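Colleague: Input file: query-v4.txt. Contents: compact mmCIF, C-alpha atoms.
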```
# COMPACT_ATOMS: atom_id res chain seq x y z
CA GLN A 64 19.49 59.94 95.91
CA LYS A 65 19.78 59.66 92.13
CA THR A 66 20.50 62.25 89.45
CA ASP A 67 18.66 60.24 86.75
CA ASN A 68 19.22 62.75 83.93
CA GLY A 69 18.12 65.65 86.14
CA VAL A 70 21.47 67.40 85.72
CA THR A 71 23.75 67.53 82.68
CA ILE A 72 27.53 67.41 82.96
CA ALA A 73 29.27 68.98 79.97
CA ILE A 74 32.62 67.32 79.34
CA ILE A 75 35.23 68.95 77.17
CA ASP A 76 37.66 66.24 76.12
CA GLY A 77 39.42 64.71 73.15
CA GLY A 78 37.03 62.15 71.69
CA PHE A 79 34.00 60.13 72.79
CA ASN A 80 32.55 56.72 72.05
CA LEU A 81 28.91 57.75 71.71
CA SER A 82 27.59 54.20 71.62
CA HIS A 83 29.42 52.52 74.50
CA PRO A 84 26.90 50.24 76.27
CA ASP A 85 27.93 51.48 79.73
CA LEU A 86 26.90 55.00 78.69
CA ASN A 87 23.62 53.93 77.11
CA GLY A 88 21.01 56.55 77.95
CA ARG A 89 23.57 58.90 79.46
CA ILE A 90 24.80 60.74 76.34
CA ASP A 91 22.96 63.77 75.00
CA THR A 92 23.57 62.99 71.34
CA SER A 93 21.27 65.80 70.18
CA LEU A 94 23.63 68.47 71.55
CA ALA A 95 26.98 66.67 71.33
CA TYR A 96 29.49 68.97 69.67
CA ASP A 97 32.83 68.76 67.87
CA ALA A 98 34.63 72.00 68.62
CA GLY A 99 37.56 70.82 66.52
CA ASP A 100 35.42 70.94 63.39
CA SER A 101 32.77 73.42 64.63
CA ALA A 102 30.08 70.85 63.86
CA PRO A 103 27.77 68.41 65.62
CA LEU A 104 29.53 65.35 67.06
CA THR A 105 27.96 62.20 65.61
CA GLN A 106 28.93 58.55 65.45
CA ASN A 107 30.37 59.27 62.00
CA SER A 108 32.66 62.05 63.26
CA LEU A 109 36.38 61.28 63.25
CA ARG A 110 36.63 61.99 66.99
CA ALA A 111 33.90 59.48 67.71
CA GLN A 112 35.98 56.73 66.13
CA GLU A 113 38.94 54.68 67.32
CA PRO A 114 41.65 55.40 68.35
CA TYR A 115 40.54 58.83 69.53
CA THR A 116 37.81 58.01 71.99
CA SER A 117 39.35 56.28 75.02
CA HIS A 118 40.15 59.30 77.24
CA GLY A 119 36.86 61.17 76.81
CA THR A 120 34.82 57.99 77.14
CA ALA A 121 36.58 57.02 80.36
CA VAL A 122 36.17 60.53 81.82
CA ALA A 123 32.46 60.53 80.98
CA ALA A 124 32.04 57.10 82.56
CA ALA A 125 33.80 58.07 85.80
CA ALA A 126 31.09 60.67 86.28
CA ALA A 127 28.08 59.04 84.70
CA ALA A 128 28.39 55.38 83.65
CA THR A 129 24.98 53.79 84.08
CA VAL A 130 24.33 52.34 87.53
CA ASN A 131 23.00 48.79 88.09
CA ASN A 132 23.21 47.72 84.46
CA GLY A 133 25.51 44.76 85.11
CA LEU A 134 28.38 46.35 83.20
CA GLY A 135 31.75 47.85 84.09
CA ASN A 136 31.57 50.58 86.68
CA ALA A 137 29.01 53.02 88.11
CA GLY A 138 29.46 56.77 87.71
CA THR A 139 29.49 58.86 90.86
CA SER A 140 26.55 61.00 89.73
CA TYR A 141 24.11 58.08 89.72
CA ASN A 142 23.01 58.55 86.11
CA ALA A 143 23.58 62.17 85.18
CA LYS A 144 23.25 63.17 81.55
CA VAL A 145 26.54 63.81 79.71
CA LEU A 146 27.04 66.43 77.01
CA PRO A 147 30.17 65.51 75.00
CA ASP A 148 32.06 68.58 73.78
CA ASN A 149 34.97 67.30 71.76
CA ALA A 150 38.02 69.52 71.38
CA ASN A 151 41.53 69.21 70.07
CA LEU A 152 43.18 69.61 73.46
CA ILE A 153 46.48 70.84 72.05
CA GLU A 154 44.77 73.56 70.01
CA TYR A 155 43.85 76.61 72.06
CA GLN A 156 41.11 77.88 69.73
CA SER A 157 39.42 74.48 69.73
CA ILE A 158 39.12 74.60 73.53
CA ILE A 159 37.79 78.16 73.37
CA ARG A 160 35.17 77.12 70.80
CA GLY A 161 34.13 74.31 73.10
CA LEU A 162 33.65 76.74 75.98
CA GLN A 163 31.79 79.19 73.78
CA TYR A 164 29.44 76.43 72.66
CA ILE A 165 28.54 75.65 76.27
CA SER A 166 27.98 79.35 76.93
CA THR A 167 25.69 79.66 73.91
CA LEU A 168 23.68 76.59 74.86
CA LYS A 169 23.13 77.85 78.38
CA GLU A 170 22.29 81.39 77.33
CA SER A 171 19.82 80.18 74.69
CA GLY A 172 17.88 78.04 77.16
CA LYS A 173 18.62 74.86 75.19
CA ALA A 174 20.41 73.30 78.15
CA ASP A 175 18.91 74.69 81.35
CA ASP A 176 19.94 71.58 83.28
CA LEU A 177 23.61 71.99 82.28
CA LYS A 178 25.04 72.77 85.70
CA ILE A 179 28.47 71.09 85.74
CA LEU A 180 31.47 71.33 83.42
CA ASN A 181 34.40 68.90 83.61
CA MET A 182 37.79 69.68 82.05
CA SER A 183 40.28 66.82 82.39
CA PHE A 184 43.20 68.44 80.63
CA GLY A 185 45.44 71.47 80.88
CA ASN A 186 48.90 72.93 80.54
CA TYR A 187 51.57 74.39 82.80
CA SER A 188 52.38 78.05 82.27
CA SER A 189 53.86 80.93 84.22
CA ILE A 190 51.73 83.28 82.10
CA ARG A 191 48.04 83.21 82.91
CA ASP A 192 45.71 83.43 79.94
CA THR A 193 43.33 86.23 80.90
CA ALA A 194 40.99 85.68 77.93
CA TYR A 195 40.66 82.01 78.86
CA GLN A 196 39.96 82.92 82.48
CA LYS A 197 37.40 85.57 81.47
CA LEU A 198 35.40 83.00 79.55
CA LEU A 199 35.53 80.58 82.49
CA SER A 200 34.42 83.40 84.77
CA HIS A 201 31.38 84.00 82.57
CA LEU A 202 30.40 80.34 82.75
CA ARG A 203 30.95 80.13 86.50
CA ASN A 204 29.79 83.50 87.78
CA ASP A 205 27.19 84.58 85.20
CA LEU A 206 25.75 81.23 84.10
CA ASP A 207 26.17 79.39 87.44
CA ILE A 208 27.99 76.40 85.96
CA LEU A 209 30.26 74.63 88.45
CA ILE A 210 33.61 73.98 86.75
CA VAL A 211 35.71 70.99 87.84
CA ALA A 212 39.17 70.43 86.39
CA SER A 213 42.07 68.00 86.72
CA ALA A 214 44.98 69.48 88.67
CA GLY A 215 47.78 68.02 86.54
CA ASN A 216 49.82 64.83 86.61
CA THR A 217 53.52 64.63 85.91
CA THR A 218 56.09 67.37 86.39
CA PRO A 219 56.48 69.76 83.43
CA ASN A 220 59.90 68.37 82.49
CA ASN A 221 59.73 65.02 84.27
CA SER A 222 62.13 66.40 86.85
CA ALA A 223 61.97 65.93 90.63
CA TYR A 224 58.69 65.09 92.33
CA ASP A 225 58.02 68.69 93.28
CA ASN A 226 55.71 70.15 90.66
CA THR A 227 54.30 73.46 91.84
CA GLU A 228 53.81 75.11 88.43
CA PHE A 229 50.58 76.97 87.73
CA HIS A 230 48.26 74.66 85.80
CA GLN A 231 45.47 76.07 83.65
CA PRO A 232 42.53 75.83 83.58
CA SER A 233 42.40 74.02 86.93
CA ASP A 234 44.28 76.60 88.97
CA PHE A 235 42.08 79.52 87.96
CA ASP A 236 39.82 80.66 90.81
CA GLU A 237 36.78 79.78 88.71
CA CYS A 238 37.62 76.06 88.79
CA ILE A 239 37.69 73.35 91.42
CA SER A 240 41.20 71.97 91.04
CA VAL A 241 41.22 68.22 91.72
CA THR A 242 44.33 66.27 92.72
CA ALA A 243 44.46 62.47 92.85
CA VAL A 244 44.99 59.91 95.59
CA ASN A 245 45.85 56.25 95.22
CA LYS A 246 43.93 53.28 96.57
CA SER A 247 45.49 53.82 99.99
CA GLY A 248 44.23 57.40 100.06
CA LEU A 249 47.70 58.87 99.61
CA PHE A 250 48.65 61.71 97.27
CA MET A 251 50.02 60.35 94.00
CA GLN A 252 53.72 61.30 93.89
CA GLY A 253 54.93 63.31 90.94
CA TYR A 254 51.62 65.04 90.46
CA ALA A 255 51.03 68.77 90.65
CA HIS A 256 50.61 70.48 94.00
CA ASN A 257 50.43 74.14 94.98
CA GLU A 258 48.27 76.69 96.79
CA TYR A 259 45.60 76.54 94.07
CA LYS A 260 44.62 72.89 94.60
CA ASP A 261 41.17 72.50 96.14
CA ILE A 262 40.21 68.88 96.73
CA ALA A 263 41.46 65.33 96.16
CA ALA A 264 39.64 62.29 94.82
CA PRO A 265 40.46 58.69 93.87
CA GLY A 266 42.51 58.59 90.69
CA ALA A 267 44.36 55.26 90.55
CA GLY A 268 43.39 52.08 88.75
CA TYR A 269 39.91 53.03 87.60
CA TYR A 270 38.30 50.26 85.52
CA LEU A 271 36.48 52.33 82.91
CA PRO A 272 34.92 52.16 79.46
CA GLN A 273 37.15 52.94 76.51
CA SER A 274 37.28 52.46 72.76
CA GLY A 275 38.34 49.24 71.11
CA SER A 276 37.12 45.68 71.17
CA SER A 277 37.85 45.20 74.90
CA TYR A 278 35.46 48.05 75.80
CA TYR A 279 37.18 48.56 79.19
CA GLY A 280 40.61 49.40 80.54
CA TYR A 281 42.43 50.66 83.63
CA PHE A 282 43.06 54.40 83.94
CA SER A 283 44.94 56.54 86.44
CA GLY A 284 45.51 60.25 86.90
CA THR A 285 43.83 63.49 87.88
CA SER A 286 41.85 63.23 84.63
CA PHE A 287 39.74 60.57 86.33
CA ALA A 288 39.73 62.10 89.81
CA SER A 289 38.13 65.24 88.38
CA PRO A 290 34.96 63.59 86.98
CA HIS A 291 34.63 61.73 90.29
CA VAL A 292 34.08 65.17 91.86
CA ALA A 293 31.97 66.42 88.94
CA GLY A 294 29.62 63.46 89.33
CA VAL A 295 29.11 64.07 93.04
CA ALA A 296 28.50 67.77 92.33
CA ALA A 297 25.78 66.79 89.84
CA LEU A 298 24.19 64.53 92.45
CA ILE A 299 24.13 67.41 94.95
CA ARG A 300 22.60 69.84 92.47
CA SER A 301 19.99 67.25 91.56
CA ALA A 302 19.08 66.75 95.21
CA ASN A 303 18.67 70.49 95.77
CA SER A 304 18.17 72.54 92.62
CA SER A 305 18.22 75.80 94.59
CA LEU A 306 21.91 75.43 95.40
CA SER A 307 24.23 77.67 93.41
CA ALA A 308 27.59 76.60 92.03
CA GLY A 309 29.21 78.39 94.96
CA ASP A 310 26.98 76.58 97.44
CA VAL A 311 27.98 73.20 96.02
CA GLU A 312 31.65 74.13 96.00
CA ARG A 313 31.51 75.06 99.68
CA LEU A 314 29.66 71.85 100.53
CA LEU A 315 32.30 69.76 98.78
CA TYR A 316 35.09 71.46 100.70
CA ALA A 317 33.28 71.36 104.04
CA THR A 318 32.54 67.63 103.81
CA ALA A 319 35.89 66.48 102.39
CA ARG A 320 37.89 64.19 104.67
CA ASP A 321 40.97 66.00 105.91
CA ALA A 322 44.28 64.47 104.86
CA GLY A 323 47.92 65.49 104.99
CA LYS A 324 48.52 68.52 107.18
CA ALA A 325 45.58 69.60 109.31
CA GLY A 326 43.28 71.91 107.37
CA ARG A 327 43.80 72.87 103.75
CA ASP A 328 47.16 71.97 102.21
CA ASP A 329 48.78 72.07 98.79
CA TYR A 330 48.44 68.33 98.10
CA TYR A 331 44.92 67.37 99.19
CA GLY A 332 43.36 70.83 99.16
CA PHE A 333 40.49 70.83 101.64
CA GLY A 334 40.61 67.03 101.84
CA ILE A 335 39.57 63.86 100.03
CA LEU A 336 36.09 63.62 98.54
```
How does this structure look as structure tokens?

Modeller:
Amino acid sequence: QKTDNGVTIAIIDGGFNLSHPDLNGRIDTSLAYDAGDSAPLTQNSLRAQEPYTSHGTAVAAAAAATVNNGLGNAGTSYNAKVLPDNANLIEYQSIIRGLQYISTLKESGKADDLKILNMSFGNYSSIRDTAYQKLLSHLRNDLDILIVASAGNTTPNNSAYDNTEFHQPSDFDECISVTAVNKSGLFMQGYAHNEYKDIAAPGAGYYLPQSGSSYYGYFSGTSFASPHVAGVAALIRSANSSLSAGDVERLLYATARDAGKAGRDDYYGFGIL
């Protein structure tokens, strides 16, 4: 089964290399957006230039790097289309503009195949942002976009390895919250865990495209576990276009390999993808 541009994964992140050879043919440059500047994202945009592009480029590649091109790695979606949606990830309104752009595209019919959203970022907070969640709810429940988000890495204050803080957006009900496992399939210590975590995926030592002359680097964290799940979700929705976001979510949970305590737990969620 191949996605082969049949499904688009929107990725909100902080910078993208739009011309990386391992993403050749995968990037929807016509709709790429810079929410930081409220303008189209082009190769001349600041956030498409070094040194800003490594994280977003690597996240995009984990989900959709071109398969069988003799370069780097292969994305889990088997050649989904990627819609880069650049945002200043420390500026709340920039993230909101990025989400609103996706909503507008979907509502206008300009991106009917946009069925997955990946968000590999977030913040810890005891206060839940209801406006933020309402917008995510619209995307998920009204527009049928499956939202996948990184569950969080280090502890909020680098304290003991027992981080159970609420992490947004991942811990909202509208998102699939993805934790990370290492190469031995074990939960990565020091990373977030709580009752809101849904599924785990590989997140250690990914060899992925980045900016700079080397073109590749090694990345670890839930930021790269999340697009692993997003890519598989795109593959599923490509294989069966009648499946809703909820259908795909349930399939992911039902087929995950159980780990940790029997059944769902706060570290691996429903299991490892």

Colleague: Calculate how many Å separate CA of Tyr278 (chain A) from CA of His83 (chain A), rounding to one decimal.

Modeller: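 These atoms are spaced 7.6 Å apart.
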
Colleague: With only C-alpha atoms as the atoms that count, which of A:Ala308, A:Ala263, A:Leu146, A:Leu298 lies nearest to Asp329 (chain A)?

Modeller: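 Going through A:Ala308, A:Ala263, A:Leu146, A:Leu298 one by one, the smallest distance to Asp329 (chain A) is for A:Ala263.
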
Colleague: Just how far from CA of Ser301 (chain A) is CA of Gly138 (chain A), in Å to one decimal?

Modeller: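 Value for the CA of Gly138 (chain A)-CA of Ser301 (chain A) distance: 14.6 Å.
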
Colleague: Smallest atom-to-atom distance to Glu228 (chain A): which of A:Leu271, A:Ile190, A:Ala325, A:Leu206, using only C-alpha atoms?

Modeller: A:Ile190

Colleague: As an exercise, work out the distance from CA of Ala302 (chain A) to CA of Val70 (chain A) in Å and give it to one decimal place.

Modeller: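 CA of Val70 (chain A) lies 9.8 Å from CA of Ala302 (chain A).
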
Colleague: Which one of A:Ser183, A:Gln64, A:Asn216, A:Ser117 sits closest to Val295 (chain A) if you count only C-alpha atoms?

Modeller: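 Of A:Ser183, A:Gln64, A:Asn216, A:Ser117, the one nearest Val295 (chain A) is A:Gln64, counting only C-alpha atoms.
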
Colleague: Within 10 Å of Asp85 (chain A), counting all atoms listed in the file, which residues qualify if same-chain residues fewer than 6 places away don't, as a PDB file with C-alpha atoms, keeping the file's coordinate frame?

Modeller:
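Result written to out32.pdb:
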```pdb
ATOM      1  CA  THR A 120      34.820  57.990  77.140  1.00  0.00           C
ATOM      2  CA  ALA A 124      32.040  57.100  82.560  1.00  0.00           C
ATOM      3  CA  ALA A 127      28.080  59.040  84.700  1.00  0.00           C
ATOM      4  CA  ALA A 128      28.390  55.380  83.650  1.00  0.00           C
ATOM      5  CA  THR A 129      24.980  53.790  84.080  1.00  0.00           C
ATOM      6  CA  VAL A 130      24.330  52.340  87.530  1.00  0.00           C
ATOM      7  CA  ASN A 132      23.210  47.720  84.460  1.00  0.00           C
ATOM      8  CA  GLY A 133      25.510  44.760  85.110  1.00  0.00           C
ATOM      9  CA  LEU A 134      28.380  46.350  83.200  1.00  0.00           C
ATOM     10  CA  GLY A 135      31.750  47.850  84.090  1.00  0.00           C
ATOM     11  CA  ASN A 136      31.570  50.580  86.680  1.00  0.00           C
ATOM     12  CA  ALA A 137      29.010  53.020  88.110  1.00  0.00           C
ATOM     13  CA  GLY A 138      29.460  56.770  87.710  1.00  0.00           C
ATOM     14  CA  LEU A 271      36.480  52.330  82.910  1.00  0.00           C
ATOM     15  CA  PRO A 272      34.920  52.160  79.460  1.00  0.00           C
ATOM     16  CA  GLN A 273      37.150  52.940  76.510  1.00  0.00           C
ATOM     17  CA  TYR A 278      35.460  48.050  75.800  1.00  0.00           C
ATOM     18  CA  TYR A 279      37.180  48.560  79.190  1.00  0.00           C
TER      19      TYR A 279
END
```

Colleague: Box along x, y and z, 4 Å on every side, all listed atoms of region 300-303 of chain A inside: centre and edge lengths in Å to one decimal, as JSON.

Modeller:
```
{"center_x": 20.6, "center_y": 68.6, "center_z": 93.7, "size_x": 11.9, "size_y": 11.7, "size_z": 12.2}
```

Colleague: For each of A:Ile153, A:Ile208, A:Met182, A:Leu94, take the minimum atom-to-atom distance to Ser166 (chain A), counting only C-alpha atoms, then give the residue where this is smallest.

Modeller: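 Between A:Ile153, A:Ile208, A:Met182, A:Leu94, the residue approaching Ser166 (chain A) most closely is A:Ile208.
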
Colleague: Quick one: everything within 10 Å of Ile299 (chain A), counting all atoms listed in the file, minus sequence neighbours fewer than 6 positions away in the same chain. Send it as a ChimeraX atom specification.

Modeller: /A:64-66,70,140,293,306,310-311,314-315

Colleague: Restricting the calculation to only C-alpha atoms: of A:Lys144, A:Lys324, A:His118, A:His201, which residue gets closest to Gly88 (chain A)?

Modeller: A:Lys144

Colleague: Show me, as an MDAnalysis selection string, the residues that have an atom within 8 Å of Val145 (chain A) when counting all atoms listed in the file, minus same-chain residues fewer than 2 positions from it.

Modeller: chainID A and resid 71:74 89:91 123 127 143 147

Colleague: Out of A:Gly323, A:Gly172, A:Gly268, A:Pro103, which residue has the shortest atom-to-atom distance to Ser286 (chain A) when counting all atoms listed in the file?

Modeller: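 The closest residue to Ser286 (chain A) is A:Gly268.
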
Colleague: Do you know which residues are at most 9 Å from region 231-242 of chain A counting only C-alpha atoms, after dropping those on the same chain fewer than 3 positions away, and could you put them as number ranges by chain?

Modeller: A: 182-188, 191-192, 195-196, 199-200, 202-204, 209-216, 250-251, 254-266, 284-286, 288-289, 292, 312, 330-332
